[in-house]
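Chemist: Below is the file upload.tsv, which contains TSV, C-alpha atoms and all ligand atoms.
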chain	number	residue	atom	x	y	z
X	3	MET	CA	17.66	-4.53	117.19
X	4	ILE	CA	17.72	-7.79	115.26
X	5	LEU	CA	18.08	-11.19	116.89
X	6	SER	CA	19.86	-13.61	114.55
X	7	ILE	CA	20.19	-17.39	114.67
X	8	GLU	CA	22.74	-19.60	112.87
X	9	SER	CA	22.53	-23.41	112.83
X	10	SER	CA	23.51	-24.37	109.27
X	11	CYS	CA	26.12	-26.94	110.37
X	12	ASP	CA	27.79	-27.64	113.72
X	13	ASP	CA	27.82	-24.22	115.38
X	14	SER	CA	24.85	-23.05	117.47
X	15	SER	CA	24.95	-19.28	117.58
X	16	ILE	CA	22.73	-16.30	118.41
X	17	ALA	CA	23.50	-12.57	118.14
X	18	ILE	CA	21.81	-9.25	118.80
X	19	THR	CA	22.73	-6.47	116.35
X	20	ARG	CA	21.68	-2.84	116.66
X	21	ILE	CA	20.21	-1.73	113.33
X	22	GLU	CA	21.25	1.93	113.54
X	23	ASP	CA	25.03	1.44	113.84
X	24	LYS	CA	25.34	-2.34	113.29
X	25	LYS	CA	26.90	-2.78	116.70
X	26	ILE	CA	27.00	-6.33	118.07
X	27	LEU	CA	25.31	-6.09	121.48
X	28	PHE	CA	25.39	-9.82	122.18
X	29	HIS	CA	27.00	-12.81	120.52
X	30	GLN	CA	27.46	-16.36	121.66
X	31	LYS	CA	28.42	-19.51	119.84
X	32	ILE	CA	28.53	-23.09	121.10
X	33	SER	CA	30.62	-25.28	118.79
X	34	GLN	CA	30.10	-29.03	118.56
X	35	GLU	CA	33.62	-29.86	117.34
X	36	LEU	CA	34.42	-32.10	120.27
X	37	GLU	CA	31.26	-34.19	119.84
X	38	HIS	CA	31.84	-34.71	116.11
X	39	SER	CA	35.62	-35.17	116.22
X	40	ARG	CA	35.40	-38.84	117.21
X	41	TYR	CA	33.53	-39.47	113.93
X	42	GLY	CA	36.01	-37.43	111.84
X	43	GLY	CA	33.22	-35.20	110.51
X	44	VAL	CA	29.78	-33.77	111.24
X	45	VAL	CA	27.01	-36.30	111.96
X	46	PRO	CA	23.81	-34.42	110.98
X	47	GLU	CA	21.41	-36.14	113.41
X	48	LEU	CA	23.76	-35.59	116.32
X	49	ALA	CA	24.26	-31.96	115.24
X	50	ALA	CA	20.49	-31.38	115.20
X	51	ARG	CA	20.08	-32.81	118.71
X	52	LEU	CA	22.94	-30.65	120.00
X	53	HIS	CA	21.38	-27.52	118.45
X	54	ALA	CA	18.08	-28.35	120.16
X	55	LYS	CA	19.95	-28.24	123.45
X	56	ALA	CA	22.33	-25.32	122.83
X	57	LEU	CA	20.08	-22.80	121.06
X	58	PRO	CA	17.52	-22.41	123.93
X	59	LYS	CA	20.45	-22.16	126.36
X	60	ILE	CA	21.89	-19.17	124.44
X	61	LEU	CA	18.46	-17.68	123.76
X	62	SER	CA	17.66	-17.52	127.47
X	63	LYS	CA	20.47	-14.95	127.84
X	64	THR	CA	18.92	-12.61	125.26
X	65	THR	CA	15.54	-12.01	126.96
X	66	PRO	CA	16.58	-8.50	128.23
X	67	PHE	CA	16.67	-7.42	124.55
X	68	PHE	CA	13.25	-8.83	123.59
X	69	ASN	CA	11.33	-5.52	124.00
X	70	ASP	CA	13.70	-3.79	121.56
X	71	LEU	CA	13.61	-6.40	118.79
X	72	LYS	CA	12.41	-5.23	115.37
X	73	ALA	CA	13.01	-8.53	113.55
X	74	VAL	CA	14.34	-12.06	113.92
X	75	ALA	CA	16.78	-13.35	111.29
X	76	VAL	CA	17.73	-16.95	110.63
X	77	THR	CA	19.97	-18.91	108.27
X	78	THR	CA	17.72	-20.92	105.95
X	79	GLU	CA	20.25	-21.88	103.23
X	80	PRO	CA	22.57	-23.62	102.35
X	81	GLY	CA	23.47	-26.16	105.05
X	82	LEU	CA	22.33	-29.42	106.61
X	83	SER	CA	18.54	-29.81	106.42
X	84	VAL	CA	18.05	-31.22	109.93
X	85	THR	CA	20.15	-28.48	111.54
X	86	LEU	CA	18.70	-25.57	109.49
X	87	VAL	CA	15.23	-26.66	110.70
X	88	GLU	CA	16.29	-26.27	114.35
X	89	GLY	CA	17.09	-22.58	113.81
X	90	LEU	CA	14.05	-21.92	111.64
X	91	VAL	CA	11.59	-23.43	114.14
X	92	MET	CA	13.02	-21.22	116.88
X	93	ALA	CA	12.91	-18.13	114.64
X	94	LYS	CA	9.29	-18.79	113.66
X	95	ALA	CA	8.24	-19.17	117.29
X	96	LEU	CA	9.98	-15.89	118.19
X	97	SER	CA	8.48	-14.07	115.23
X	98	MET	CA	5.00	-15.24	116.19
X	99	SER	CA	5.21	-14.68	119.93
X	100	LEU	CA	6.97	-11.29	119.76
X	101	ASN	CA	4.97	-10.20	116.71
X	102	ILE	CA	8.04	-9.17	114.69
X	103	PRO	CA	8.91	-10.00	111.06
X	104	LEU	CA	11.16	-12.88	110.05
X	105	ILE	CA	14.19	-12.42	107.79
X	106	SER	CA	15.56	-15.44	105.96
X	107	ILE	CA	19.32	-15.29	105.32
X	108	ASN	CA	21.64	-17.18	102.97
X	109	HIS	CA	24.60	-18.21	105.13
X	110	LEU	CA	27.14	-17.60	102.32
X	111	LYS	CA	25.90	-14.02	102.06
X	112	GLY	CA	26.41	-13.92	105.81
X	113	HIS	CA	30.07	-14.85	105.30
X	114	ILE	CA	30.44	-11.90	102.89
X	115	TYR	CA	28.99	-9.55	105.52
X	116	SER	CA	31.42	-10.88	108.15
X	117	LEU	CA	33.75	-8.36	106.44
X	118	PHE	CA	31.49	-5.50	107.50
X	119	LEU	CA	30.72	-6.22	111.17
X	120	GLU	CA	29.94	-2.99	113.01
X	121	LYS	CA	30.63	-0.91	109.88
X	122	GLU	CA	29.31	0.14	106.48
X	123	ALA	CA	29.73	-2.24	103.56
X	124	THR	CA	32.23	-1.19	100.90
X	125	LEU	CA	30.95	-2.63	97.63
X	126	PRO	CA	31.52	-3.64	94.83
X	127	LEU	CA	33.99	-6.31	95.79
X	128	GLY	CA	35.56	-9.51	94.45
X	129	VAL	CA	35.33	-12.35	96.99
X	130	LEU	CA	36.93	-15.76	97.43
X	131	LEU	CA	34.63	-17.87	99.61
X	132	VAL	CA	36.30	-20.93	101.13
X	133	SER	CA	34.36	-23.07	103.60
X	134	GLY	CA	33.56	-26.68	104.39
X	135	GLY	CA	30.87	-26.83	101.71
X	136	HIS	CA	31.89	-24.18	99.17
X	137	THR	CA	34.79	-22.84	97.10
X	138	GLN	CA	33.65	-19.91	95.00
X	139	ILE	CA	34.92	-16.74	93.38
X	140	LEU	CA	32.18	-14.10	93.55
X	141	SER	CA	31.59	-10.69	92.10
X	142	VAL	CA	29.56	-8.86	94.76
X	143	LYS	CA	28.01	-5.77	93.16
X	144	ASP	CA	25.58	-4.99	95.98
X	145	TYR	CA	23.41	-6.80	98.54
X	146	GLU	CA	21.08	-8.15	95.89
X	147	GLU	CA	23.47	-8.71	92.99
X	148	ILE	CA	26.05	-11.43	93.50
X	149	GLU	CA	27.52	-13.29	90.53
X	150	ILE	CA	29.24	-16.68	90.89
X	151	ILE	CA	32.34	-16.59	88.67
X	152	ALA	CA	33.80	-19.97	89.67
X	153	THR	CA	32.80	-22.88	91.84
X	154	THR	CA	34.06	-26.37	92.67
X	155	LEU	CA	33.39	-29.43	90.55
X	156	ASP	CA	33.62	-31.81	93.54
X	157	ASP	CA	35.06	-31.36	97.08
X	158	SER	CA	35.51	-27.92	98.59
X	159	PHE	CA	38.76	-26.36	99.86
X	160	GLY	CA	37.89	-26.71	103.58
X	161	GLU	CA	36.48	-30.21	103.08
X	162	SER	CA	39.78	-31.36	101.55
X	163	PHE	CA	41.61	-30.22	104.74
X	164	ASP	CA	39.03	-32.16	106.81
X	165	LYS	CA	39.57	-35.30	104.73
X	166	VAL	CA	43.38	-35.11	104.82
X	167	SER	CA	43.22	-34.65	108.59
X	168	LYS	CA	40.93	-37.69	108.92
X	169	MET	CA	43.23	-39.84	106.75
X	170	LEU	CA	46.18	-38.88	108.96
X	171	GLY	CA	44.24	-39.68	112.14
X	172	MET	CA	44.25	-36.04	113.19
X	173	GLY	CA	41.28	-34.12	114.61
X	174	TYR	CA	38.14	-32.41	113.27
X	175	PRO	CA	37.78	-29.75	111.94
X	176	GLY	CA	40.84	-30.58	109.88
X	177	GLY	CA	41.73	-27.07	108.68
X	178	PRO	CA	43.38	-25.79	111.86
X	179	GLU	CA	45.03	-29.22	112.50
X	180	VAL	CA	46.54	-29.46	109.03
X	181	GLU	CA	47.70	-25.83	109.12
X	182	LYS	CA	49.40	-26.41	112.49
X	183	SER	CA	51.11	-29.60	111.33
X	184	ALA	CA	52.16	-27.95	108.03
X	185	LYS	CA	54.10	-25.29	109.94
X	186	ASN	CA	56.62	-27.96	111.01
X	187	GLY	CA	56.74	-29.72	107.66
X	188	ASP	CA	58.76	-29.65	104.44
X	189	ALA	CA	56.40	-28.47	101.66
X	190	THR	CA	58.79	-29.65	98.92
X	191	ARG	CA	58.96	-33.32	99.97
X	192	PHE	CA	55.79	-34.54	98.22
X	193	ASN	CA	55.30	-33.39	94.67
X	194	PHE	CA	51.50	-33.27	94.50
X	195	THR	CA	50.15	-31.96	91.18
X	196	VAL	CA	48.10	-28.78	91.23
X	197	PRO	CA	44.56	-29.61	90.02
X	198	LEU	CA	43.41	-28.26	86.61
X	199	ARG	CA	46.74	-26.45	86.16
X	200	ASP	CA	46.75	-26.67	82.36
X	201	SER	CA	43.02	-26.32	81.96
X	202	PRO	CA	41.62	-22.94	80.90
X	203	LYS	CA	38.51	-23.82	82.92
X	204	VAL	CA	37.83	-21.37	85.74
X	205	ALA	CA	36.68	-23.95	88.29
X	206	PHE	CA	38.04	-25.86	91.27
X	207	SER	CA	38.54	-29.55	91.96
X	208	TYR	CA	39.93	-31.06	95.17
X	209	SER	CA	39.02	-34.75	94.99
X	210	GLY	CA	42.08	-35.67	92.86
X	211	LEU	CA	44.45	-33.95	95.28
X	212	LYS	CA	42.82	-35.80	98.17
X	213	ASN	CA	43.50	-39.08	96.34
X	214	GLN	CA	47.15	-38.13	95.76
X	215	VAL	CA	47.46	-37.65	99.52
X	216	ARG	CA	45.76	-41.01	100.14
X	217	VAL	CA	48.30	-42.77	97.86
X	218	ALA	CA	51.23	-41.07	99.67
X	219	ILE	CA	49.86	-42.16	103.07
X	220	ASN	CA	49.30	-45.73	101.87
X	221	GLU	CA	52.86	-45.93	100.54
X	222	LEU	CA	54.23	-44.94	103.95
X	223	GLY	CA	52.08	-47.61	105.60
X	224	ASP	CA	52.19	-48.31	109.32
X	225	SER	CA	55.66	-46.83	109.71
X	226	ILE	CA	54.36	-43.28	109.12
X	227	THR	CA	56.05	-40.82	111.49
X	228	GLU	CA	55.12	-37.38	112.84
X	229	LYS	CA	57.65	-35.88	110.42
X	230	ASP	CA	55.97	-37.69	107.49
X	231	LYS	CA	52.61	-36.29	108.59
X	232	ASN	CA	53.98	-32.76	108.86
X	233	ASP	CA	55.57	-33.03	105.41
X	234	ILE	CA	52.33	-34.36	103.90
X	235	CYS	CA	50.32	-31.51	105.46
X	236	ALA	CA	52.81	-28.87	104.28
X	237	SER	CA	52.96	-30.29	100.73
X	238	PHE	CA	49.16	-30.69	100.57
X	239	GLN	CA	48.46	-27.18	101.90
X	240	LYS	CA	50.91	-25.63	99.44
X	241	THR	CA	49.23	-27.42	96.51
X	242	ALA	CA	45.66	-26.70	97.68
X	243	ILE	CA	46.45	-22.98	97.93
X	244	ALA	CA	48.39	-22.97	94.62
X	245	HIS	CA	45.19	-24.20	92.92
X	246	LEU	CA	43.20	-21.23	94.27
X	247	ILE	CA	45.95	-18.80	93.25
X	248	ASP	CA	46.21	-20.29	89.71
X	249	LYS	CA	42.51	-19.75	89.03
X	250	LEU	CA	42.42	-16.32	90.65
X	251	LYS	CA	45.26	-15.21	88.35
X	252	ARG	CA	43.09	-16.10	85.37
X	253	VAL	CA	40.07	-14.27	86.85
X	254	PHE	CA	42.06	-11.14	87.75
X	255	LYS	CA	43.13	-10.78	84.12
X	256	THR	CA	39.54	-10.27	82.97
X	257	GLU	CA	37.66	-9.00	86.07
X	258	LYS	CA	39.07	-5.71	87.25
X	259	PHE	CA	38.25	-5.74	90.98
X	260	ILE	CA	39.05	-2.57	92.92
X	261	ASN	CA	38.96	-4.47	96.21
X	262	PHE	CA	39.17	-8.18	96.97
X	263	ALA	CA	38.36	-10.28	100.05
X	264	VAL	CA	38.54	-13.82	101.38
X	265	VAL	CA	35.75	-15.16	103.63
X	266	GLY	CA	34.45	-18.46	105.08
X	267	GLY	CA	35.77	-20.83	107.73
X	268	ALA	CA	38.94	-21.64	105.78
X	269	SER	CA	39.80	-17.93	105.37
X	270	ALA	CA	41.38	-18.25	108.83
X	271	ASN	CA	44.31	-20.02	107.15
X	272	MET	CA	47.34	-17.73	107.50
X	273	GLU	CA	49.30	-19.19	104.58
X	274	LEU	CA	46.27	-18.59	102.34
X	275	ARG	CA	45.90	-15.01	103.59
X	276	ALA	CA	49.58	-14.29	102.93
X	277	LYS	CA	49.47	-15.71	99.38
X	278	LEU	CA	46.28	-13.77	98.58
X	279	GLU	CA	47.70	-10.56	99.96
X	280	ALA	CA	50.78	-10.90	97.72
X	281	LEU	CA	48.63	-11.75	94.68
X	282	THR	CA	46.27	-8.80	95.12
X	283	LYS	CA	49.27	-6.48	95.46
X	284	LYS	CA	50.73	-7.86	92.24
X	285	PHE	CA	47.47	-7.17	90.41
X	286	LYS	CA	47.31	-3.64	91.91
X	287	ILE	CA	44.07	-4.35	93.76
X	288	GLU	CA	43.62	-1.47	96.23
X	289	ASP	CA	42.43	-3.26	99.35
X	290	PHE	CA	42.58	-6.88	100.51
X	291	LEU	CA	39.88	-7.50	103.11
X	292	THR	CA	39.48	-10.27	105.68
X	293	ALA	CA	37.07	-10.84	108.56
X	294	PRO	CA	38.28	-10.88	112.19
X	295	LEU	CA	39.58	-14.42	112.89
X	296	GLU	CA	36.84	-15.23	115.43
X	297	TYR	CA	34.14	-14.46	112.85
X	298	CYS	CA	35.52	-16.51	109.92
X	299	SER	CA	33.68	-19.73	110.75
X	300	ASP	CA	29.88	-19.90	110.98
X	301	ASN	CA	28.43	-17.44	113.48
X	302	ALA	CA	25.24	-15.47	114.12
X	303	ALA	CA	26.93	-12.05	114.16
X	304	MET	CA	27.52	-12.19	110.40
X	305	ILE	CA	23.90	-13.33	109.90
X	306	GLY	CA	22.73	-10.36	111.98
X	307	ARG	CA	24.94	-7.93	110.01
X	308	CYS	CA	23.56	-9.29	106.76
X	309	ALA	CA	20.01	-9.03	108.12
X	310	VAL	CA	20.46	-5.29	108.76
X	311	GLU	CA	20.68	-4.86	104.96
X	312	ALA	CA	17.61	-7.06	104.41
X	313	TYR	CA	15.70	-5.11	107.08
X	314	LYS	CA	16.46	-1.79	105.38
X	315	LEU	CA	15.24	-3.21	102.07
X	316	GLY	CA	12.08	-4.58	103.74
X	317	GLU	CA	12.95	-8.15	102.72
X	318	PHE	CA	10.77	-10.10	105.14
X	319	SER	CA	9.56	-13.68	104.76
X	320	PRO	CA	5.92	-14.59	105.44
X	321	LEU	CA	5.85	-17.32	108.10
X	322	ASP	CA	3.75	-19.71	106.03
X	323	GLU	CA	6.06	-19.40	103.00
X	324	VAL	CA	9.55	-19.49	104.50
X	325	LYS	CA	11.39	-22.77	104.07
X	326	ILE	CA	14.86	-24.21	104.21
X	327	ASN	CA	16.97	-24.68	101.05
X	328	PRO	CA	19.80	-27.04	102.10
X	329	ARG	CA	21.51	-27.23	98.71
X	330	VAL	CA	20.71	-23.94	97.03
X	331	ASN	CA	23.41	-22.83	94.59
X	332	SER	CA	22.59	-19.18	94.08
X	333	PHE	CA	22.29	-16.03	96.18
X	401	LIG	O1	32.36	-21.61	107.07
X	401	LIG	P1	32.58	-22.78	107.93
X	401	LIG	O2	32.69	-22.54	109.41
X	401	LIG	O3	31.45	-23.84	107.74
X	401	LIG	C1	30.89	-24.10	106.47
X	401	LIG	O4	30.15	-23.24	105.98
X	401	LIG	O5	31.28	-25.15	105.91
X	401	LIG	O6	33.91	-23.51	107.40
X	401	LIG	C2	34.39	-24.66	108.02
X	401	LIG	C3	35.53	-25.21	107.19
X	401	LIG	C4	35.99	-26.58	107.63
X	401	LIG	O7	36.11	-27.42	106.50
X	401	LIG	C5	37.34	-26.31	108.29
X	401	LIG	O8	38.25	-27.39	108.22
X	401	LIG	C6	37.82	-25.14	107.45
X	401	LIG	O9	36.68	-24.34	107.29
X	401	LIG	N1	38.89	-24.40	108.13
X	401	LIG	C7	40.15	-24.28	107.66
X	401	LIG	C8	40.89	-23.56	108.65
X	401	LIG	N2	40.05	-23.26	109.69
X	401	LIG	C9	38.83	-23.79	109.35
X	401	LIG	N3	40.71	-24.71	106.52
X	401	LIG	C10	42.02	-24.45	106.32
X	401	LIG	N4	42.79	-23.80	107.22
X	401	LIG	C11	42.28	-23.33	108.39
X	401	LIG	N5	43.05	-22.69	109.27
X	402	ZN	ZN	30.03	-21.32	106.52
Turn this file's structure into structure tokens for me.
Modeler:
Amino acid sequence: MILSIESSCDDSSIAITRIEDKKILFHQKISQELEHSRYGGVVPELAARLHAKALPKILSKTTPFFNDLKAVAVTTEPGLSVTLVEGLVMAKALSMSLNIPLISINHLKGHIYSLFLEKEATLPLGVLLVSGGHTQILSVKDYEEIEIIATTLDDSFGESFDKVSKMLGMGYPGGPEVEKSAKNGDATRFNFTVPLRDSPKVAFSYSGLKNQVRVAINELGDSITEKDKNDICASFQKTAIAHLIDKLKRVFKTEKFINFAVVGGASANMELRAKLEALTKKFKIEDFLTAPLEYCSDNAAMIGRCAVEAYKLGEFSPLDEVKINPRVNSF
């Protein structure tokens, strides 16, 4: 079995995965959303302190598995430096005391493997990764060969939902709040422009759209109503998704993916899933894959699943060499 630890942002999570059949034998996650919501976003120092409290609490439930552990896996990149360290310190201590190797995992690769929990991976695959820190189109050939086809020039898709939610005085994380509000709104009321629509560039940009929303909110001033908020959320969400679809259309014309998937925290968005499903059908892509909803946001089960591949390849990290890479931009 592999014990995996995830602490790249504001979720403390540990899982136990059986190597042979990839079965999840244990998984727990303690989210810090409530603690960060009053600040409208994640406060790194607070997140680190909360991990220091939550991780040992979860770990204490996994001691019955200790004798069967073959490796300990931990997210080391990308993420917040002070929170990644919390997981790594715990993983190093476990590796040393149980005398088992350490596997260092890229958390974005973990998101890709959230598609293959408790099953074999079906690769190659085209992937749209949408999270709080990343917006990327990837060509995943196999575990070790992942090409970044497009990335964001500024804010990420999930981050733009968080910022819109904050501007509207709604909660954190903003994604689920904005999606909920958008359901009751009129998506045609605000005519936000789709970013980079006329540009041949295969890249994303969300900071301009965020500013369009800011201007609309300022114009409404103090008299802003619940209906206004719903209409803003619906119009914003429609435009944010249209931007992803625009660029994917360009990519699908040149990259012939057999299968395509969406992963990352923001892949829980139902409107996005529906639009992607329709697009992949139009381009005759055979299968459109998504992760189970409860495993879209950061979790240790996906890190454990990813680590099974690393374990089979013998990709272990010497304790004195392993380090965190908070802002790494490759796989
Ligand atoms: O992957 P994740 O848990 O953490 C990072 O790696 O960043 O993604 C979190 C992000 C947040 O920005 C959150 O607002 C966004 O995913 N998100 C959503 C939805 N649920 C979560 N964005 C849009 N719609 C959603 N339903
Ligand atoms: Zn993530």
Chemist: Taking 3 positions as the minimum chain separation for residues in the same chain, which residues sit within 10 Å of Ile247 (chain X) when counting only C-alpha atoms? Answer as a VMD selection string.
Modeler: chain X and resid 241 to 244 250 to 253 274 277 to 278 281
Chemist: Using only C-alpha atoms, determine which residues lie at most 12 Å from Phe290 (chain X), disregarding the query and same-chain residues fewer than 4 positions distant; provide the list as a PyMOL selection string.
Modeler: chain X and resi 117+124+127-130+259-265+275-286
Chemist: Can you pull out the residues contacting region 52-54 of chain X? Cut-off 6 Å, using only C-alpha atoms, and skip same-chain residues under 3 positions away; I want them as an MDAnalysis selection string.
Modeler: chainID X and resid 14 49 57
Chemist: Write out as JSON, numbers by chain each polymer residue (protein, DNA or RNA) that has an atom no more than 6 Å from ligand LIG 401 (chain X), with only C-alpha atoms and all ligand atoms counted.
Modeler: {"X": [133, 134, 135, 160, 161, 163, 164, 175, 176, 177, 178, 181, 266, 267, 268, 270, 271, 299, 300]}
Chemist: Pick from X:Glu323, X:Asp13, X:Asp248, X:Asp144: nearest to ligand ZN 402 (chain X), with only C-alpha atoms and all ligand atoms counted?
Modeler: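 Using only C-alpha atoms and all ligand atoms, ligand ZN 402 (chain X) sits closest to X:Asp13.
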Chemist: With distances taken over only C-alpha atoms and all ligand atoms, which residue among X:Tyr115, X:Tyr41, X:Tyr208, X:Phe318 lies nearest ligand ZN 402 (chain X)?
Modeler: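 So, comparing all the options, the nearest one is X:Tyr115.
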Chemist: Could you list, as a list in words, every residue within 8 Å of Pro328 (chain X), counting all atoms listed in the file and ignoring same-chain residues fewer than 5 positions away?
Modeler: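 Final neighbour list, sorted by chain and number: Thr78, Glu79, Pro80, Gly81, Leu82, Ser83 and Leu86 of chain X.
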Chemist: I'd like the neighbourhood of region 190-193 of chain X as a PyMOL selection string, where a residue qualifies if any of its atoms comes within 7 Å (using all atoms listed in the file), though same-chain residues fewer than 5 positions away should be ignored.
Modeler: chain X and resi 233-234+237
Chemist: Store the residues picked out above, limited to C-alpha atoms, as a PDB file, keeping the file's coordinate frame.
Modeler:
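Done, and the output landed in result_12.pdb:
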ATOM      1  CA  ASP X 233      55.570 -33.030 105.410  1.00  0.00           C
ATOM      2  CA  ILE X 234      52.330 -34.360 103.900  1.00  0.00           C
ATOM      3  CA  SER X 237      52.960 -30.290 100.730  1.00  0.00           C
TER       4      SER X 237
END
Chemist: What would the list of residues within 9 Å of (37.7, -6.7, 107.0) (file frame) look like as a PyMOL selection string, if only C-alpha atoms are what count?
Modeler: chain X and resi 116-119+263+290-294
